[in-house]
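So this block is coords.txt, compact mmCIF, C-alpha atoms:
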# COMPACT_ATOMS: atom_id res chain seq x y z
CA GLU Z 1 -20.01 4.60 -1.62
CA ALA Z 2 -18.08 2.54 -4.14
CA GLY Z 3 -14.43 1.87 -3.42
CA VAL Z 4 -11.50 1.90 -5.78
CA THR Z 5 -12.10 -0.43 -8.69
CA GLN Z 6 -9.55 -1.99 -10.99
CA SER Z 7 -9.82 -3.90 -14.23
CA PRO Z 8 -9.15 -6.47 -15.36
CA THR Z 9 -8.81 -8.75 -12.36
CA HIS Z 10 -6.35 -10.96 -14.15
CA LEU Z 11 -4.26 -10.35 -17.26
CA ILE Z 12 -2.06 -12.83 -19.06
CA LYS Z 13 0.45 -11.60 -21.63
CA THR Z 14 3.57 -12.87 -23.32
CA ARG Z 15 7.00 -11.30 -23.29
CA GLY Z 16 7.29 -8.24 -25.48
CA GLN Z 17 3.58 -7.45 -25.48
CA GLN Z 18 1.94 -4.41 -23.93
CA ALA Z 19 -0.41 -4.43 -20.95
CA THR Z 20 -3.00 -1.83 -20.01
CA LEU Z 21 -4.44 -1.73 -16.52
CA ARG Z 22 -7.28 0.53 -15.43
CA CYS Z 23 -8.28 2.14 -12.18
CA SER Z 24 -11.34 4.12 -11.08
CA PRO Z 25 -10.85 6.12 -7.89
CA ILE Z 26 -13.38 6.76 -5.19
CA SER Z 27 -15.77 9.51 -6.23
CA GLY Z 28 -14.33 12.90 -5.32
CA HIS Z 29 -10.74 11.69 -5.10
CA THR Z 30 -8.27 13.46 -7.35
CA SER Z 31 -5.06 11.59 -6.60
CA VAL Z 32 -4.31 8.13 -7.95
CA TYR Z 33 -1.29 6.02 -7.09
CA TRP Z 34 0.04 2.85 -8.65
CA TYR Z 35 2.07 0.23 -6.81
CA GLN Z 36 3.69 -3.01 -7.89
CA GLN Z 37 3.61 -5.95 -5.52
CA ALA Z 38 5.99 -8.55 -6.89
CA LEU Z 39 6.83 -11.77 -5.13
CA GLY Z 40 9.77 -11.24 -2.83
CA LEU Z 41 10.00 -7.51 -3.55
CA GLY Z 42 7.16 -6.15 -1.47
CA LEU Z 43 5.12 -3.09 -2.40
CA GLN Z 44 6.94 -0.66 -4.63
CA PHE Z 45 5.65 2.77 -5.55
CA LEU Z 46 5.24 3.20 -9.31
CA LEU Z 47 3.40 6.39 -10.22
CA TRP Z 48 1.34 9.17 -8.73
CA TYR Z 49 -1.19 11.27 -10.63
CA ASP Z 50 -3.07 14.26 -9.37
CA GLU Z 51 -5.43 16.52 -11.32
CA GLY Z 52 -4.42 14.89 -14.58
CA GLU Z 53 -0.68 15.37 -14.14
CA GLU Z 54 2.06 12.91 -13.30
CA ARG Z 55 3.47 14.20 -10.00
CA ASN Z 56 6.00 11.58 -9.11
CA ARG Z 57 7.31 8.22 -10.20
CA GLY Z 58 9.23 5.48 -8.51
CA ASN Z 59 12.38 3.77 -9.61
CA PHE Z 60 10.94 2.02 -12.65
CA PRO Z 61 12.00 2.14 -16.32
CA PRO Z 62 10.19 4.39 -18.81
CA ARG Z 63 8.29 1.45 -20.28
CA PHE Z 64 6.03 1.84 -17.25
CA SER Z 65 3.82 4.80 -18.00
CA GLY Z 66 0.29 5.95 -17.49
CA ARG Z 67 -2.13 8.77 -17.50
CA GLN Z 68 -5.04 10.22 -15.62
CA PHE Z 69 -8.22 11.17 -17.39
CA PRO Z 70 -10.45 14.22 -16.75
CA ASN Z 71 -12.78 12.03 -14.65
CA TYR Z 72 -9.72 11.13 -12.51
CA SER Z 73 -9.66 7.50 -13.59
CA SER Z 74 -6.23 6.25 -14.52
CA GLU Z 75 -4.49 3.85 -16.81
CA LEU Z 76 -1.17 2.11 -16.33
CA ASN Z 77 0.66 0.93 -19.43
CA VAL Z 78 3.54 -1.48 -19.41
CA ASN Z 79 5.35 -1.82 -22.71
CA ALA Z 80 7.76 -4.52 -23.86
CA LEU Z 81 6.70 -6.84 -21.06
CA GLU Z 82 9.35 -8.85 -19.29
CA LEU Z 83 8.92 -11.95 -17.15
CA GLU Z 84 9.77 -9.99 -14.01
CA ASP Z 85 6.82 -7.67 -14.59
CA SER Z 86 4.59 -10.46 -13.32
CA ALA Z 87 3.05 -9.03 -10.18
CA LEU Z 88 -0.05 -7.72 -8.50
CA TYR Z 89 -0.58 -4.09 -9.49
CA LEU Z 90 -2.45 -2.08 -6.93
CA CYS Z 91 -4.11 1.25 -7.46
CA ALA Z 92 -4.96 3.61 -4.63
CA SER Z 93 -6.77 6.91 -4.50
CA SER Z 94 -6.88 9.76 -2.02
CA LEU Z 95 -8.97 12.88 -1.64
CA GLY Z 96 -5.98 15.00 -2.55
CA PRO Z 97 -2.21 15.02 -2.53
CA GLN Z 98 -1.64 16.03 1.08
CA ARG Z 99 0.02 13.76 3.60
CA LEU Z 100 -3.15 13.79 5.67
CA ASP Z 101 -5.16 12.27 2.83
CA THR Z 102 -5.48 8.56 3.42
CA GLN Z 103 -4.90 6.23 0.50
CA TYR Z 104 -7.60 3.67 -0.23
CA PHE Z 105 -6.58 0.65 -2.26
CA GLY Z 106 -8.34 -1.33 -4.92
CA PRO Z 107 -8.25 -5.14 -5.15
CA GLY Z 108 -5.48 -5.15 -7.74
CA THR Z 109 -4.81 -6.56 -11.18
CA ARG Z 110 -2.78 -9.75 -11.32
CA LEU Z 111 -0.48 -9.53 -14.36
CA THR Z 112 1.19 -12.72 -15.51
CA VAL Z 113 3.85 -12.55 -18.20
CA LEU Z 114 4.65 -15.84 -19.94
CA ALA X 115 15.87 8.13 2.51
CA GLN X 116 12.91 6.82 4.38
CA SER X 117 12.73 3.13 5.18
CA VAL X 118 10.44 0.83 7.07
CA THR X 119 11.42 -2.49 8.58
CA GLN X 120 9.21 -5.24 9.85
CA PRO X 121 11.55 -7.68 11.55
CA ASP X 122 9.14 -10.61 11.58
CA ILE X 123 8.43 -12.18 8.19
CA HIS X 124 5.97 -14.70 9.56
CA ILE X 125 4.22 -14.99 12.93
CA THR X 126 1.96 -17.78 14.14
CA VAL X 127 -0.35 -17.31 17.10
CA SER X 128 -3.21 -19.30 18.57
CA GLU X 129 -6.73 -17.97 18.33
CA GLY X 130 -7.49 -15.90 21.40
CA ALA X 131 -3.85 -15.08 22.08
CA SER X 132 -2.50 -11.55 22.05
CA LEU X 133 -0.59 -10.20 19.09
CA GLU X 134 2.13 -7.65 18.53
CA LEU X 135 3.57 -6.90 15.11
CA ARG X 136 6.71 -4.81 15.03
CA CYS X 137 7.45 -1.88 12.79
CA ASN X 138 10.51 0.37 12.83
CA TYR X 139 11.02 3.36 10.59
CA SER X 140 13.90 5.53 9.56
CA TYR X 141 12.80 9.07 8.99
CA GLY X 142 14.15 12.45 9.93
CA ALA X 143 11.03 14.47 10.62
CA THR X 144 7.64 13.73 12.15
CA PRO X 145 6.45 10.61 10.41
CA TYR X 146 2.98 9.87 9.24
CA LEU X 147 2.51 6.17 9.91
CA PHE X 148 -0.01 3.62 8.74
CA TRP X 149 -0.87 -0.02 9.16
CA TYR X 150 -2.63 -1.84 6.34
CA VAL X 151 -3.88 -5.42 6.14
CA GLN X 152 -4.06 -7.54 3.01
CA SER X 153 -6.12 -10.70 2.95
CA PRO X 154 -5.22 -13.31 0.31
CA GLY X 155 -6.08 -12.08 -3.18
CA GLN X 156 -7.30 -8.75 -1.87
CA GLY X 157 -6.16 -5.16 -1.91
CA LEU X 158 -4.96 -3.32 1.17
CA GLN X 159 -7.33 -2.17 3.88
CA LEU X 160 -6.36 0.64 6.24
CA LEU X 161 -6.32 -0.48 9.89
CA LEU X 162 -5.16 2.74 11.52
CA LYS X 163 -2.96 5.77 11.08
CA TYR X 164 -0.91 8.15 13.19
CA PHE X 165 -0.37 11.78 12.31
CA SER X 166 0.11 13.52 15.64
CA GLY X 167 -1.29 13.78 19.16
CA ASP X 168 -2.05 10.77 21.31
CA THR X 169 0.63 8.16 20.67
CA LEU X 170 -1.81 5.28 21.18
CA VAL X 171 -4.02 4.97 18.14
CA GLN X 172 -7.16 2.88 17.89
CA GLY X 173 -8.12 1.28 14.62
CA ILE X 174 -10.67 -1.03 13.13
CA LYS X 175 -11.18 -4.70 13.98
CA GLY X 176 -9.91 -4.20 17.54
CA PHE X 177 -6.37 -3.23 16.54
CA GLU X 178 -4.30 -0.50 18.14
CA ALA X 179 -0.80 0.83 17.61
CA GLU X 180 1.59 2.82 19.73
CA PHE X 181 3.99 5.39 18.34
CA LYS X 182 7.28 5.56 20.22
CA ARG X 183 9.52 8.28 18.87
CA SER X 184 12.48 7.28 21.06
CA GLN X 185 12.45 3.80 19.57
CA SER X 186 11.36 4.81 16.06
CA SER X 187 8.64 2.22 16.34
CA PHE X 188 4.96 1.90 15.54
CA ASN X 189 3.97 -1.56 16.73
CA LEU X 190 0.54 -3.00 16.05
CA ARG X 191 -1.29 -4.88 18.79
CA LYS X 192 -4.47 -6.82 19.34
CA PRO X 193 -5.43 -8.34 22.69
CA SER X 194 -7.22 -11.39 21.30
CA VAL X 195 -6.67 -12.69 17.80
CA HIS X 196 -9.48 -14.17 15.71
CA TRP X 197 -9.00 -16.73 12.94
CA SER X 198 -10.16 -14.11 10.43
CA ASP X 199 -7.12 -11.96 11.30
CA ALA X 200 -4.87 -14.30 9.32
CA ALA X 201 -3.46 -12.05 6.61
CA GLU X 202 -0.43 -10.00 5.60
CA TYR X 203 0.18 -6.81 7.56
CA PHE X 204 2.07 -3.84 6.16
CA CYS X 205 3.46 -0.85 7.97
CA ALA X 206 3.97 2.29 5.87
CA VAL X 207 5.33 5.79 6.22
CA ALA X 208 4.29 8.84 4.23
CA PRO X 209 7.23 11.03 3.31
CA ASP X 210 7.52 14.68 4.16
CA ASN X 211 6.94 16.01 0.71
CA TYR X 212 4.01 16.96 -1.44
CA GLY X 213 2.09 13.79 -2.13
CA GLN X 214 2.15 10.42 -0.56
CA ASN X 215 4.17 7.83 -2.35
CA PHE X 216 4.20 5.57 0.64
CA VAL X 217 7.22 3.60 1.66
CA PHE X 218 6.02 0.20 2.77
CA GLY X 219 7.66 -2.34 5.00
CA PRO X 220 8.17 -5.85 3.65
CA GLY X 221 5.11 -7.14 5.49
CA THR X 222 4.46 -9.69 8.22
CA ARG X 223 2.37 -12.73 7.43
CA LEU X 224 0.14 -13.74 10.32
CA SER X 225 -1.10 -17.30 10.69
CA VAL X 226 -3.71 -18.16 13.32
CA LEU X 227 -3.97 -21.63 14.83
CA PRO X 228 -7.41 -22.90 15.91

Show how you would write the structure in this file as structure tokens.
Amino acid sequence: EAGVTQSPTHLIKTRGQQATLRCSPISGHTSVYWYQQALGLGLQFLLWYDEGEERNRGNFPPRFSGRQFPNYSSELNVNALELEDSALYLCASSLGPQRLDTQYFGPGTRLTVL
Amino acid sequence: AQSVTQPDIHITVSEGASLELRCNYSYGATPYLFWYVQSPGQGLQLLLKYFSGDTLVQGIKGFEAEFKRSQSSFNLRKPSVHWSDAAEYFCAVAPDNYGQNFVFGPGTRLSVLP
């Protein structure tokens, strides 16, 4: 069974540009989560999607947005990139939204903002 | 608000030695607790989880963790460390609401000496 996949592996952008990151969950999983892992800041929860709807978001500005498609894959968009957006962005999926549903993580997308 | 602390930023042990990584949480109700490992350049891999029942939980790769409610701790242990265990270890708690936007600890980096 394939795990969570993310693309691209690396992404280099300049300040002010937009970045789009993609995530494909494990087959059968309906919930997708996005986390930011920035140097010195640890893992911060960004967004949670379930059944195509945004269910919760972390303490991030509105320029961080995303969506979940009917096939449960997800996209994270970061507009007006700033230098501090440079980080590893991790996507996770779970069977459903319950606390008992373990999150499985993808390998991440390394975003570098110059 | 929930929080997770991992008091040790960096731990170095010799191969074959025992290991204990500390995790303390702040949470009002019954916590759902997890340990993940992240190898360099990789996503997070679930080592083990605690939901209820037996307070000693067995995980993959020979790891175990013990939940101690009185100490608000969920320490990770391994009796004999292998060089391949060198990685970053994250403790996480799932909050008591619908969905699982995990709260992660800051992580403990483990180095293993030959």

* Within 7 Å of Val32 in chain Z, counting all atoms listed in the file, which residues show up once you throw out same-chain ones fewer than 2 positions away? Write them as number ranges by chain, please. => Z: 25, 30, 34, 48-50, 91-94

* To do: Identify which of the residues Z:Val113, Z:Val78, Z:Leu83, Z:Leu46 lies closest to chain X, counting only C-alpha atoms when measuring atom-to-atom distances.
  =>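 Closest candidate: Z:Leu46.
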
* To do: Can you work out the spacing between CA of Phe148 in chain X and CA of Ala206 in chain X in Å, to one decimal?
  =>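 Spanning CA of Phe148 in chain X to CA of Ala206 in chain X is a straight-line distance of 5.1 Å.
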
* Quick one: everything within 7 Å of Pro228 in chain X, counting all atoms listed in the file, minus sequence neighbours fewer than 2 positions away in the same chain. Send it as a PyMOL selection string. => chain X and resi 128-129+226

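Among the candidates X:Tyr150, X:Tyr141, X:Trp197, X:Phe181, the residue lying nearest to chain Z is X:Tyr150 (atoms considered: only C-alpha atoms).
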